[in-house]
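See structure below.
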Amino acid sequence: MSTQDKPKKKKVKVTRNENGHPVEVEIEVDDVDGPSWGPRAGHTLVNHDVPRVDGPVKVSGRAPYPHDIRLPGMLHARVLCARIPAGSVRLDLESARKTPGVEVVLDLEVKEIRWLGQPVAAVAATTPEKAADGLRALAAQFQAAGFAVTPEQALAPNAPQVTRRGNKGKESENGDAEAVKAALAAAAGTARAEYSLPVQHHASLETHGVVVDYSGGDEARIYASTQSTFGISEDAAEPLGLKASQIETISEYMGGGFGAKFGLGIEGLIACRLAKLAKRPVHLLLTRKDEFLAAGNRSGSRVVMEGGIAADGKLTALRAEIERHGGIGGGSHARQPYVYSVEKVHTKSYPVHTNTDGSRAMRAPGHPQASFAIESLIDELCYAANLDLLEVRKKNLANPTYARQLERVAREIGWYEHPHRTQPGRMDQRECIGIGFGVSTWGGGGGESCEVDVRIERDGSVTSSVGTQDLGTGTRTYVASIVAEEFGLGMDGVTARIGSSRLGNANASGGSTTVASLAPAVKNAAWKARMKFAEHLAPLLGTQKELLRFEKGELVDQQSGKRIPFAKACAMLPNEGLQARGTWVADLAGNGIQGAQAAKVRVDPLTGRVEVLKMVCVQNCGLPINRLTLRSQIFGGMVQALSYALLEERIMEPSLGLQINPNFEDYKLAGSLEIGEIVAIIDDEDTREQAIGVSEATIVPGHSAIANAVANACGARVRHLPLTPDKVLAALGKV
Amino acid sequence: MSDSSADAQDPQSSSKLSRRWFLRGAGGVAAGSAFAGGLAQQAEAARARSLAAAPEVLEGDIEFELSINGQRMKLRCEPRTTLLNALRNHCEPPLTGTKQVCDRGNCGACTVHVDGRPANACLMLAVDLRGREVRTIEGLGAPGALNPLQESFWKHDAQMCGFCTPGFVMSIQACLEKQPNASLEQIKRACSGNICRCGTYPAVFEAALAVAKGGAR
């Protein structure tokens, strides 16, 4: 906020030639003490809609994703994943080796299978079809041991032990149980309920994997579908028998990550070992089924919540017992009461382990789970005390940003004309339409890690380079746009180079930290390059460096008013051109964002079908670096939450120990027919001149708002996502 | 999907559902991939051809030609190779714009046009496409010479990671070729067999409607 109030400008006295007479005037010039974003009105590309620079290659199928890398002599690999959740395996390696087309067979020598889908072997062959033959020839014989694939199985008496830590992990406890008990007794309204969320899959369309370009020798390249270009080479060194410095990781394009693609991973390790054995390039990207079984997930949860509310709408008590379902991993769940203020709180949280793949970070880890339980409970308390759903939220959110955002989404969704603001509708009304709300938070801050190089050649070409990856968020675009704006150029004036571990360092893209780490470094590099440029040219033009301004493709001397086309100005640079390296600047990054969402649904009381008519999101994020790609991020969060609300659920078969739906036929994702009106509003009342990451916050509250809207429409409170028609009908039966 | 919706649905009376339309629509939704109609016709045509000719036994690597994006392409691969894998692994240069995502007709990422109709390349054998005209995303336009729909996808940011994008473009392009005035509802149906995990749908609809001449804005 401060930087916008006081834009970094300073006054300079200059002499101008006006109609042949020298006139002394005072003009405002950029402060040269350091880069700053502001003022907001002065941007030409930042805070505008800038179509992404890699759009044309993406829409025309020319973008080379790791899946698409084709190299001479390349082998196609397949992984054999355990078809049982626990036990051991016997393999016929000889038959696999003899299979036509199979070049290498790798036994991972797994003594004990501990989770369903655990990789046990791999083959590499000349075609994917022949690799599949190789897997069949392995004729894996699995000997199953006792297992638990559901939390119920894991908690049953005499359940087989899943991990050495036991099936129920360490419990953490916070707050004062007695104080909560007393507050509950004194509350005007109380509610107690159990909420649960299924295990959700990241379901990136490009599966996990790498192409290892190694043919013997002391150099390798790894094309990785990764969120961390700099997180691969070091792990690949050992299996390839090389030094990390001999391995270049390339991640120019990647088909979605959502938190599951950090590091080389077991699949990458296997690919490296196969390439080392074959001395040939290896293409290993998991099949869709293997991706479901062995590439991570968002942990499920079961939460018992009990809350109390005062007659004036103040939340007075909350007790929460949180069970996290992260397979062999720990799972995640944000602290209750999430972003709300509740006077007395007592929480317990512990993991329950199963013989299934460990959970990984997934877009806002733990937040959607916490959001669903608290937002549902708040509505239940409001109904118990006959209070307005919106007003109670505003009253119990300490940060005033939420009240403002909630009022905005309420207006957009039609809340003030809605009949069911303190009690749900009934299913016998003509149309069952309901509205629900949810709020979110995230950090989105950055840190020192990125090194951006801006290079200007004498022919006027400008390159902005950094090793970072673009997950589809638009990173590549602002690596160019920030530099273009600094030099008053259009988007065609700057080329962005990203996605190589041989370029300047960059952080991993996780936790919405990319933009707040990288954009300041890009800005700093651009600013330094501009200062250098001005310093070099000022004496040649007989002016002061502070008086040189870059705008509309020209270099302008504010003293003489002389304008030189940018390319001509570049021709005055020294032979080697100009280069500047930028690192992070704390002032250019912020931390801490808020968002509010509302959903309007129609429930069909005959079929239990839920139709999401409209969703609205108001989201702040400091300075929007690119409004077009920011809007897409908000759309994405809302649509993923809608999908989570209505459709997504990993289903385990407890007696056979199988996942029933490891494919897109049975694991449903929202498609075009589920998408109603989606309204993404950038909260421009946040005037911080700081870059802040936004992705995570946008996925947090949508499913909670939808579930609340269903209950609001007709009283059908579904406490276990997804909101499938059978559950809606069952809930209607209890109204 | 595109086919069935385009020719079965009269935009003037879209509320009147014929039994045929309902079956096609319902089939499409249930299968998660909506070109039941197109596939059935293809299967029928293939059956007619196989009845007319003597049975053909193919094994090992075979050589044949396909017409892809208007050009004759020589291929050498096993008869079990899907069109998808043939495009990606056996064409020179490889045509990798057609994406492999589910490999079982659930996601639409491998949508191509066969004789002008959208089809999942993962559900067809390459060898069965002899004598047919295959068009892939590479045949639609290229950077610097994008077709109007591709240009619109770019300008409306109807892509994030971009992995599903070629499939969406192909599905909607086929719809717009039959229904230049496609409505939002028709566009939604046209791409109902495509999945986008990044959640780009609202921008996809915008991009498609901007190209559709008479569609509701």
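A note on labels: chains of the structure tokens are A, B, ... as shown, every chain counts residues from 1, and ligands are counted from 1 in their shown order.
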
Please, which residues of chain B lie no more than 8 Å from chain A when the count uses only C-alpha atoms, and can they be set out as a tab-separated table (two decimals) with N, CA, C and O atoms, in the first residue's frame?
```tsv
chain	number	residue	atom	x	y	z
B	31	ALA	N	-20.91	-42.67	-20.98
B	31	ALA	CA	-19.59	-43.17	-21.34
B	31	ALA	C	-18.51	-42.15	-21.02
B	31	ALA	O	-17.35	-42.46	-21.06
B	32	GLY	N	-18.92	-40.95	-20.69
B	32	GLY	CA	-17.94	-39.90	-20.43
B	32	GLY	C	-17.31	-39.43	-21.71
B	32	GLY	O	-16.51	-38.54	-21.76
B	81	THR	N	-1.25	-51.59	-33.40
B	81	THR	CA	-0.93	-50.22	-33.01
B	81	THR	C	-2.14	-49.31	-33.20
B	81	THR	O	-2.74	-49.28	-34.28
B	88	ARG	N	2.01	-40.85	-32.85
B	88	ARG	CA	3.04	-40.37	-31.93
B	88	ARG	C	4.38	-41.08	-32.09
B	88	ARG	O	5.42	-40.50	-31.84
B	89	ASN	N	4.33	-42.36	-32.48
B	89	ASN	CA	5.58	-43.13	-32.48
B	89	ASN	C	6.03	-43.61	-33.85
B	89	ASN	O	7.16	-44.07	-33.99
B	94	PRO	N	7.27	-37.20	-35.86
B	94	PRO	CA	6.20	-37.67	-34.98
B	94	PRO	C	5.12	-36.61	-34.81
B	94	PRO	O	5.44	-35.43	-34.70
B	96	THR	N	2.96	-35.45	-32.32
B	96	THR	CA	2.71	-35.62	-30.89
B	96	THR	C	1.73	-34.59	-30.33
B	96	THR	O	1.53	-34.52	-29.12
B	97	GLY	N	1.14	-33.79	-31.22
B	97	GLY	CA	0.12	-32.85	-30.74
B	97	GLY	C	-1.11	-33.58	-30.24
B	97	GLY	O	-1.83	-33.10	-29.37
B	98	THR	N	-1.37	-34.76	-30.77
B	98	THR	CA	-2.47	-35.61	-30.31
B	98	THR	C	-1.98	-36.31	-29.04
B	98	THR	O	-1.02	-37.07	-29.10
B	101	VAL	N	-3.58	-39.61	-22.86
B	101	VAL	CA	-3.89	-39.28	-21.48
B	101	VAL	C	-4.51	-40.46	-20.74
B	101	VAL	O	-4.07	-40.84	-19.67
B	102	CYS	N	-5.55	-41.06	-21.33
B	102	CYS	CA	-6.20	-42.18	-20.63
B	102	CYS	C	-6.06	-43.47	-21.42
B	102	CYS	O	-6.13	-44.54	-20.87
B	103	ASP	N	-5.90	-43.36	-22.73
B	103	ASP	CA	-5.73	-44.51	-23.63
B	103	ASP	C	-6.93	-45.45	-23.63
B	103	ASP	O	-6.78	-46.63	-23.91
B	106	ASN	N	-11.74	-42.10	-22.57
B	106	ASN	CA	-12.45	-41.41	-21.49
B	106	ASN	C	-12.23	-39.90	-21.47
B	106	ASN	O	-12.92	-39.20	-20.73
B	107	CYS	N	-11.21	-39.42	-22.16
B	107	CYS	CA	-10.79	-38.04	-21.88
B	107	CYS	C	-10.76	-37.11	-23.09
B	107	CYS	O	-10.71	-35.90	-22.91
B	137	ILE	N	-4.33	-32.17	-34.96
B	137	ILE	CA	-4.19	-30.77	-34.56
B	137	ILE	C	-3.12	-30.07	-35.41
B	137	ILE	O	-3.26	-28.88	-35.73
B	138	GLU	N	-2.10	-30.80	-35.81
B	138	GLU	CA	-1.05	-30.18	-36.62
B	138	GLU	C	-1.58	-29.74	-37.98
B	138	GLU	O	-0.98	-28.87	-38.62
B	140	LEU	N	-4.41	-28.29	-38.49
B	140	LEU	CA	-5.38	-27.20	-38.36
B	140	LEU	C	-4.74	-25.84	-38.54
B	140	LEU	O	-5.33	-24.94	-39.14
B	141	GLY	N	-3.57	-25.69	-38.01
B	141	GLY	CA	-2.89	-24.39	-38.08
B	141	GLY	C	-1.57	-24.50	-37.36
B	141	GLY	O	-1.32	-25.49	-36.66
B	142	ALA	N	-0.74	-23.51	-37.53
B	142	ALA	CA	0.58	-23.53	-36.89
B	142	ALA	C	0.84	-22.16	-36.30
B	142	ALA	O	0.20	-21.18	-36.70
B	143	PRO	N	1.77	-22.07	-35.36
B	143	PRO	CA	2.09	-20.75	-34.82
B	143	PRO	C	2.41	-19.79	-35.97
B	143	PRO	O	3.14	-20.13	-36.89
B	144	GLY	N	1.83	-18.62	-35.92
B	144	GLY	CA	1.99	-17.68	-37.02
B	144	GLY	C	0.89	-17.82	-38.06
B	144	GLY	O	0.66	-16.90	-38.85
B	146	LEU	N	-2.35	-19.60	-37.17
B	146	LEU	CA	-3.36	-20.35	-36.42
B	146	LEU	C	-4.70	-20.25	-37.13
B	146	LEU	O	-4.96	-19.26	-37.81
B	150	GLN	N	-8.15	-21.72	-32.98
B	150	GLN	CA	-6.90	-21.74	-32.22
B	150	GLN	C	-6.53	-20.34	-31.74
B	150	GLN	O	-6.15	-20.13	-30.59
B	151	GLU	N	-6.69	-19.38	-32.64
B	151	GLU	CA	-6.39	-17.98	-32.31
B	151	GLU	C	-7.28	-17.53	-31.13
B	151	GLU	O	-6.81	-16.88	-30.20
B	153	PHE	N	-8.74	-19.47	-28.87
B	153	PHE	CA	-8.29	-20.17	-27.66
B	153	PHE	C	-7.13	-19.39	-27.03
B	153	PHE	O	-7.06	-19.21	-25.82
B	154	TRP	N	-6.22	-18.96	-27.87
B	154	TRP	CA	-5.05	-18.23	-27.37
B	154	TRP	C	-5.47	-16.92	-26.71
B	154	TRP	O	-5.12	-16.63	-25.57
B	155	LYS	N	-6.29	-16.14	-27.44
B	155	LYS	CA	-6.63	-14.81	-26.96
B	155	LYS	C	-7.51	-14.84	-25.71
B	155	LYS	O	-7.45	-13.95	-24.87
B	156	HIS	N	-8.34	-15.87	-25.58
B	156	HIS	CA	-9.21	-15.97	-24.40
B	156	HIS	C	-8.57	-16.78	-23.29
B	156	HIS	O	-9.20	-17.07	-22.29
B	157	ASP	N	-7.34	-17.17	-23.47
B	157	ASP	CA	-6.62	-18.01	-22.51
B	157	ASP	C	-7.40	-19.29	-22.19
B	157	ASP	O	-7.57	-19.65	-21.02
B	159	GLN	N	-6.61	-22.18	-22.14
B	159	GLN	CA	-5.62	-23.24	-21.91
B	159	GLN	C	-4.84	-22.83	-20.68
B	159	GLN	O	-4.63	-21.66	-20.44
B	160	MET	N	-4.47	-23.83	-19.90
B	160	MET	CA	-3.50	-23.54	-18.84
B	160	MET	C	-2.30	-24.42	-19.10
B	160	MET	O	-1.41	-24.05	-19.86
B	161	CYS	N	-2.27	-25.63	-18.50
B	161	CYS	CA	-1.10	-26.47	-18.81
B	161	CYS	C	-1.07	-26.79	-20.29
B	161	CYS	O	-0.02	-27.02	-20.86
B	162	GLY	N	-2.24	-26.83	-20.93
B	162	GLY	CA	-2.30	-27.00	-22.38
B	162	GLY	C	-2.33	-28.43	-22.87
B	162	GLY	O	-2.38	-28.66	-24.08
B	163	PHE	N	-2.32	-29.39	-21.95
B	163	PHE	CA	-2.21	-30.78	-22.39
B	163	PHE	C	-3.51	-31.28	-23.02
B	163	PHE	O	-3.49	-32.10	-23.93
B	164	CYS	N	-4.63	-30.76	-22.55
B	164	CYS	CA	-5.92	-31.17	-23.12
B	164	CYS	C	-6.29	-30.34	-24.34
B	164	CYS	O	-7.24	-30.66	-25.05
B	165	THR	N	-5.58	-29.22	-24.52
B	165	THR	CA	-6.02	-28.21	-25.48
B	165	THR	C	-6.19	-28.72	-26.91
B	165	THR	O	-7.21	-28.44	-27.54
B	166	PRO	N	-5.23	-29.47	-27.46
B	166	PRO	CA	-5.44	-29.95	-28.83
B	166	PRO	C	-6.75	-30.74	-28.98
B	166	PRO	O	-7.46	-30.58	-29.97
B	169	VAL	N	-9.69	-28.34	-28.98
B	169	VAL	CA	-9.75	-27.61	-30.26
B	169	VAL	C	-10.34	-28.50	-31.34
B	169	VAL	O	-11.22	-28.07	-32.10
B	188	LYS	N	-20.93	-26.92	-25.49
B	188	LYS	CA	-20.71	-27.75	-24.30
B	188	LYS	C	-20.83	-29.24	-24.66
B	188	LYS	O	-20.05	-30.06	-24.20
B	189	ARG	N	-21.83	-29.55	-25.47
B	189	ARG	CA	-22.01	-30.96	-25.86
B	189	ARG	C	-20.85	-31.43	-26.74
B	189	ARG	O	-20.38	-32.55	-26.62
B	191	CYS	N	-17.80	-30.67	-26.63
B	191	CYS	CA	-16.57	-31.02	-25.91
B	191	CYS	C	-16.87	-31.78	-24.62
B	191	CYS	O	-16.04	-31.82	-23.71
B	192	SER	N	-18.05	-32.40	-24.54
B	192	SER	CA	-18.40	-33.12	-23.32
B	192	SER	C	-17.61	-34.41	-23.16
B	192	SER	O	-17.61	-35.02	-22.10
B	193	GLY	N	-16.91	-34.82	-24.20
B	193	GLY	CA	-16.05	-36.00	-24.08
B	193	GLY	C	-14.61	-35.63	-23.77
B	193	GLY	O	-13.75	-36.49	-23.73
B	194	ASN	N	-14.36	-34.35	-23.57
B	194	ASN	CA	-13.00	-33.89	-23.28
B	194	ASN	C	-12.89	-33.49	-21.81
B	194	ASN	O	-13.81	-32.89	-21.26
B	195	ILE	N	-11.76	-33.81	-21.21
B	195	ILE	CA	-11.54	-33.44	-19.81
B	195	ILE	C	-10.41	-32.42	-19.74
B	195	ILE	O	-9.38	-32.58	-20.39
B	196	CYS	N	-10.61	-31.37	-18.94
B	196	CYS	CA	-9.55	-30.41	-18.65
B	196	CYS	C	-9.35	-30.40	-17.14
B	196	CYS	O	-10.27	-30.04	-16.41
B	197	ARG	N	-8.20	-30.82	-16.67
B	197	ARG	CA	-7.99	-30.85	-15.23
B	197	ARG	C	-7.71	-29.47	-14.65
B	197	ARG	O	-8.01	-29.19	-13.50
B	198	CYS	N	-7.10	-28.60	-15.44
B	198	CYS	CA	-6.80	-27.25	-14.94
B	198	CYS	C	-8.08	-26.44	-14.73
B	198	CYS	O	-8.05	-25.42	-14.06
B	199	GLY	N	-9.18	-26.86	-15.34
B	199	GLY	CA	-10.45	-26.16	-15.14
B	199	GLY	C	-10.62	-24.94	-16.02
B	199	GLY	O	-11.12	-23.90	-15.59
B	200	THR	N	-10.25	-25.08	-17.27
B	200	THR	CA	-10.28	-23.94	-18.20
B	200	THR	C	-11.64	-23.76	-18.88
B	200	THR	O	-11.79	-22.86	-19.71
B	201	TYR	N	-12.59	-24.62	-18.55
B	201	TYR	CA	-13.85	-24.65	-19.32
B	201	TYR	C	-14.48	-23.27	-19.61
B	201	TYR	O	-14.88	-23.02	-20.75
B	202	PRO	N	-14.60	-22.39	-18.60
B	202	PRO	CA	-15.29	-21.12	-18.92
B	202	PRO	C	-14.61	-20.37	-20.06
B	202	PRO	O	-15.30	-19.80	-20.92
B	203	ALA	N	-13.28	-20.39	-20.09
B	203	ALA	CA	-12.56	-19.70	-21.17
B	203	ALA	C	-12.70	-20.45	-22.49
B	203	ALA	O	-12.74	-19.84	-23.56
```

Practice task
For B:Glu63, list every protein, DNA or RNA residue within 10 Å, evaluated using only C-alpha atoms, and leave out those in the same chain fewer than 3 positions away; present the list as a list of chain:residue names.
Solution key: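 Listed by chain and then number, they are B:Gly60, B:Lys74, B:Leu75, B:Arg76, B:Cys77, B:Glu78, B:Pro79, B:Val127.
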
Practice task
In Å, rounded to a single decimal, give me how far atom CA of A:Ala645 is from atom CA of A:Pro337.
Solution key: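 Atom-to-atom, atom CA of A:Pro337 and atom CA of A:Ala645 are spaced 20.4 Å apart.
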
Exercise for the section: Looking only at strand (DSSP E) from DSSP on the backbone, list the matching residues of stretch 233-402 of chain A as an NGL selection string. Expected result: :A and (247-250 or 282-285 or 300-309 or 315-325 or 344-351)

Problem - Between atom CA of A:Ser440 and atom CA of A:Val700 - distance in Å to one decimal - result: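 These atoms are spaced 5.7 Å apart.
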
Practice task
With a distance cut-off of 8 Å and only C-alpha atoms, select the neighbouring residues of A:Val211, excluding the residue or stretch itself and same-chain residues fewer than 4 positions from it, and output the selection as a PyMOL selection string.
Solution key: chain A and resi 66-67+69+222-224+271+281-285

Keeping only N, CA, C and O atoms, write those residues as a tab-separated table (two decimals), in the first residue's frame.
```tsv
chain	number	residue	atom	x	y	z
A	66	PRO	N	7.22	-33.44	-22.03
A	66	PRO	CA	8.06	-34.64	-21.89
A	66	PRO	C	7.46	-35.87	-22.58
A	66	PRO	O	8.19	-36.64	-23.20
A	67	HIS	N	6.12	-36.04	-22.47
A	67	HIS	CA	5.47	-37.17	-23.16
A	67	HIS	C	5.80	-37.20	-24.65
A	67	HIS	O	5.75	-38.25	-25.28
A	69	ILE	N	8.58	-36.14	-26.24
A	69	ILE	CA	9.98	-36.17	-26.67
A	69	ILE	C	10.25	-37.50	-27.39
A	69	ILE	O	9.91	-38.58	-26.90
A	222	ILE	N	17.62	-34.83	-18.98
A	222	ILE	CA	16.37	-35.41	-18.51
A	222	ILE	C	15.22	-34.45	-18.81
A	222	ILE	O	15.24	-33.32	-18.36
A	223	TYR	N	14.28	-34.91	-19.61
A	223	TYR	CA	13.08	-34.13	-19.88
A	223	TYR	C	12.06	-34.56	-18.85
A	223	TYR	O	11.64	-35.72	-18.82
A	224	ALA	N	11.69	-33.64	-17.97
A	224	ALA	CA	10.86	-34.03	-16.84
A	224	ALA	C	9.55	-33.26	-16.82
A	224	ALA	O	9.51	-32.06	-17.06
A	271	ALA	N	13.52	-44.96	-14.65
A	271	ALA	CA	13.91	-44.59	-16.02
A	271	ALA	C	15.42	-44.40	-16.12
A	271	ALA	O	16.05	-44.83	-17.09
A	281	PRO	N	18.34	-43.93	-24.75
A	281	PRO	CA	17.34	-43.06	-24.14
A	281	PRO	C	16.09	-43.86	-23.76
A	281	PRO	O	15.71	-44.81	-24.46
A	282	VAL	N	15.49	-43.48	-22.65
A	282	VAL	CA	14.31	-44.18	-22.16
A	282	VAL	C	13.17	-43.18	-21.91
A	282	VAL	O	13.37	-42.15	-21.28
A	283	HIS	N	12.01	-43.55	-22.42
A	283	HIS	CA	10.77	-42.77	-22.25
A	283	HIS	C	9.92	-43.51	-21.25
A	283	HIS	O	9.47	-44.62	-21.51
A	284	LEU	N	9.75	-42.92	-20.06
A	284	LEU	CA	8.92	-43.59	-19.06
A	284	LEU	C	7.92	-42.60	-18.51
A	284	LEU	O	8.28	-41.71	-17.73
A	285	LEU	N	6.71	-42.70	-18.95
A	285	LEU	CA	5.65	-41.91	-18.34
A	285	LEU	C	4.56	-42.89	-17.93
A	285	LEU	O	4.22	-43.80	-18.67
```

Problem - Residue list (alpha helix (DSSP H), DSSP) for stretch 504-554 of chain A, as a list of chain:residue names - result: A:Thr514, A:Val515, A:Ala516, A:Ser517, A:Leu518, A:Ala519, A:Pro520, A:Ala521, A:Val522, A:Lys523, A:Asn524, A:Ala525, A:Ala526, A:Trp527, A:Lys528, A:Ala529, A:Arg530, A:Met531, A:Lys532, A:Phe533, A:Ala534, A:Glu535, A:His536, A:Leu537, A:Ala538, A:Pro539, A:Leu540, A:Leu541

Taking N, CA and C atoms for each residue, export the selection above as a JSON list (two decimals), in the first residue's frame.
```json
[["chain", "number", "residue", "atom", "x", "y", "z"],
["A", 514, "THR", "N", 5.73, -19.28, -6.59],
["A", 514, "THR", "CA", 6.52, -18.95, -7.77],
["A", 514, "THR", "C", 6.51, -17.46, -8.07],
["A", 515, "VAL", "N", 5.32, -16.89, -8.18],
["A", 515, "VAL", "CA", 5.25, -15.51, -8.66],
["A", 515, "VAL", "C", 5.90, -14.54, -7.68],
["A", 516, "ALA", "N", 5.71, -14.78, -6.38],
["A", 516, "ALA", "CA", 6.29, -13.85, -5.40],
["A", 516, "ALA", "C", 7.80, -14.01, -5.29],
["A", 517, "SER", "N", 8.32, -15.15, -5.73],
["A", 517, "SER", "CA", 9.77, -15.35, -5.74],
["A", 517, "SER", "C", 10.38, -14.87, -7.05],
["A", 518, "LEU", "N", 9.68, -15.16, -8.13],
["A", 518, "LEU", "CA", 10.28, -14.93, -9.45],
["A", 518, "LEU", "C", 10.00, -13.54, -10.02],
["A", 519, "ALA", "N", 8.75, -13.08, -9.91],
["A", 519, "ALA", "CA", 8.42, -11.79, -10.54],
["A", 519, "ALA", "C", 9.31, -10.65, -10.01],
["A", 520, "PRO", "N", 9.59, -10.60, -8.70],
["A", 520, "PRO", "CA", 10.50, -9.54, -8.23],
["A", 520, "PRO", "C", 11.89, -9.66, -8.84],
["A", 521, "ALA", "N", 12.37, -10.88, -9.03],
["A", 521, "ALA", "CA", 13.70, -11.06, -9.62],
["A", 521, "ALA", "C", 13.71, -10.65, -11.09],
["A", 522, "VAL", "N", 12.61, -10.94, -11.79],
["A", 522, "VAL", "CA", 12.51, -10.51, -13.19],
["A", 522, "VAL", "C", 12.50, -8.99, -13.25],
["A", 523, "LYS", "N", 11.70, -8.40, -12.37],
["A", 523, "LYS", "CA", 11.59, -6.93, -12.34],
["A", 523, "LYS", "C", 12.96, -6.32, -12.03],
["A", 524, "ASN", "N", 13.65, -6.93, -11.10],
["A", 524, "ASN", "CA", 14.96, -6.40, -10.71],
["A", 524, "ASN", "C", 15.96, -6.51, -11.86],
["A", 525, "ALA", "N", 15.93, -7.63, -12.56],
["A", 525, "ALA", "CA", 16.84, -7.81, -13.71],
["A", 525, "ALA", "C", 16.52, -6.78, -14.79],
["A", 526, "ALA", "N", 15.22, -6.58, -15.02],
["A", 526, "ALA", "CA", 14.79, -5.63, -16.05],
["A", 526, "ALA", "C", 15.22, -4.21, -15.67],
["A", 527, "TRP", "N", 15.01, -3.89, -14.40],
["A", 527, "TRP", "CA", 15.36, -2.55, -13.91],
["A", 527, "TRP", "C", 16.87, -2.32, -14.02],
["A", 528, "LYS", "N", 17.64, -3.32, -13.61],
["A", 528, "LYS", "CA", 19.11, -3.19, -13.70],
["A", 528, "LYS", "C", 19.56, -3.02, -15.15],
["A", 529, "ALA", "N", 18.94, -3.78, -16.03],
["A", 529, "ALA", "CA", 19.30, -3.67, -17.44],
["A", 529, "ALA", "C", 18.97, -2.28, -17.96],
["A", 530, "ARG", "N", 17.83, -1.75, -17.52],
["A", 530, "ARG", "CA", 17.44, -0.41, -17.98],
["A", 530, "ARG", "C", 18.41, 0.64, -17.44],
["A", 531, "MET", "N", 18.80, 0.51, -16.19],
["A", 531, "MET", "CA", 19.75, 1.47, -15.62],
["A", 531, "MET", "C", 21.08, 1.42, -16.38],
["A", 532, "LYS", "N", 21.55, 0.18, -16.66],
["A", 532, "LYS", "CA", 22.81, 0.03, -17.38],
["A", 532, "LYS", "C", 22.72, 0.67, -18.77],
["A", 533, "PHE", "N", 21.58, 0.39, -19.39],
["A", 533, "PHE", "CA", 21.33, 0.91, -20.73],
["A", 533, "PHE", "C", 21.40, 2.44, -20.71],
["A", 534, "ALA", "N", 20.71, 3.03, -19.75],
["A", 534, "ALA", "CA", 20.65, 4.49, -19.65],
["A", 534, "ALA", "C", 22.04, 5.06, -19.34],
["A", 535, "GLU", "N", 22.75, 4.39, -18.46],
["A", 535, "GLU", "CA", 24.09, 4.86, -18.10],
["A", 535, "GLU", "C", 25.01, 4.87, -19.31],
["A", 536, "HIS", "N", 24.88, 3.84, -20.13],
["A", 536, "HIS", "CA", 25.75, 3.74, -21.31],
["A", 536, "HIS", "C", 25.38, 4.80, -22.36],
["A", 537, "LEU", "N", 24.08, 5.00, -22.53],
["A", 537, "LEU", "CA", 23.67, 5.88, -23.62],
["A", 537, "LEU", "C", 23.66, 7.37, -23.28],
["A", 538, "ALA", "N", 23.48, 7.69, -21.99],
["A", 538, "ALA", "CA", 23.34, 9.11, -21.62],
["A", 538, "ALA", "C", 24.51, 9.95, -22.12],
["A", 539, "PRO", "N", 25.77, 9.55, -21.85],
["A", 539, "PRO", "CA", 26.87, 10.38, -22.35],
["A", 539, "PRO", "C", 26.91, 10.45, -23.87],
["A", 540, "LEU", "N", 26.55, 9.36, -24.53],
["A", 540, "LEU", "CA", 26.57, 9.37, -26.00],
["A", 540, "LEU", "C", 25.54, 10.34, -26.56],
["A", 541, "LEU", "N", 24.43, 10.49, -25.80],
["A", 541, "LEU", "CA", 23.37, 11.37, -26.28],
["A", 541, "LEU", "C", 23.47, 12.76, -25.66]]
```

Problem - Interatomic distance, atom CA of A:Val352 to atom CA of A:Gly438 (Å, one decimal) - result: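 One can read the atom CA of A:Val352 to atom CA of A:Gly438 distance as 27.4 Å.
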
Leaving out stretch 560-575 of chain A and any residue of its chain fewer than 5 positions from it, which residues lie within 9 Å of it when counting only C-alpha atoms, given as an mmCIF file with C-alpha atoms, in the first residue's frame?
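result_34.cif written:
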```cif
data_model
loop_
_atom_site.group_PDB
_atom_site.id
_atom_site.type_symbol
_atom_site.label_atom_id
_atom_site.label_comp_id
_atom_site.auth_asym_id
_atom_site.auth_seq_id
_atom_site.Cartn_x
_atom_site.Cartn_y
_atom_site.Cartn_z
ATOM 1 C CA THR A 15 16.358 22.657 -19.723
ATOM 2 C CA ARG A 16 14.067 22.310 -22.695
ATOM 3 C CA ASN A 17 14.190 23.974 -26.021
ATOM 4 C CA ILE A 456 19.986 -7.167 -24.933
ATOM 5 C CA GLU A 457 21.727 -7.572 -28.246
ATOM 6 C CA ARG A 458 22.784 -4.764 -30.522
ATOM 7 C CA ASP A 459 20.122 -5.759 -33.044
ATOM 8 C CA GLY A 460 17.454 -4.898 -30.501
ATOM 9 C CA SER A 461 16.531 -8.420 -29.476
ATOM 10 C CA PHE A 487 11.650 -1.169 -21.818
ATOM 11 C CA GLY A 488 8.369 0.142 -23.202
ATOM 12 C CA LEU A 489 8.170 -2.742 -25.656
ATOM 13 C CA PHE A 533 21.332 0.913 -20.735
ATOM 14 C CA HIS A 536 25.747 3.742 -21.309
ATOM 15 C CA LEU A 537 23.671 5.879 -23.625
ATOM 16 C CA LEU A 540 26.575 9.365 -25.996
ATOM 17 C CA THR A 543 21.988 13.861 -21.525
ATOM 18 C CA PHE A 550 11.676 3.879 -22.603
ATOM 19 C CA GLU A 551 8.167 4.040 -23.971
ATOM 20 C CA LYS A 552 6.193 2.745 -26.943
ATOM 21 C CA GLY A 553 9.204 1.103 -28.532
ATOM 22 C CA GLU A 554 11.341 4.182 -28.301
ATOM 23 C CA LEU A 555 14.041 5.665 -26.135
#
```
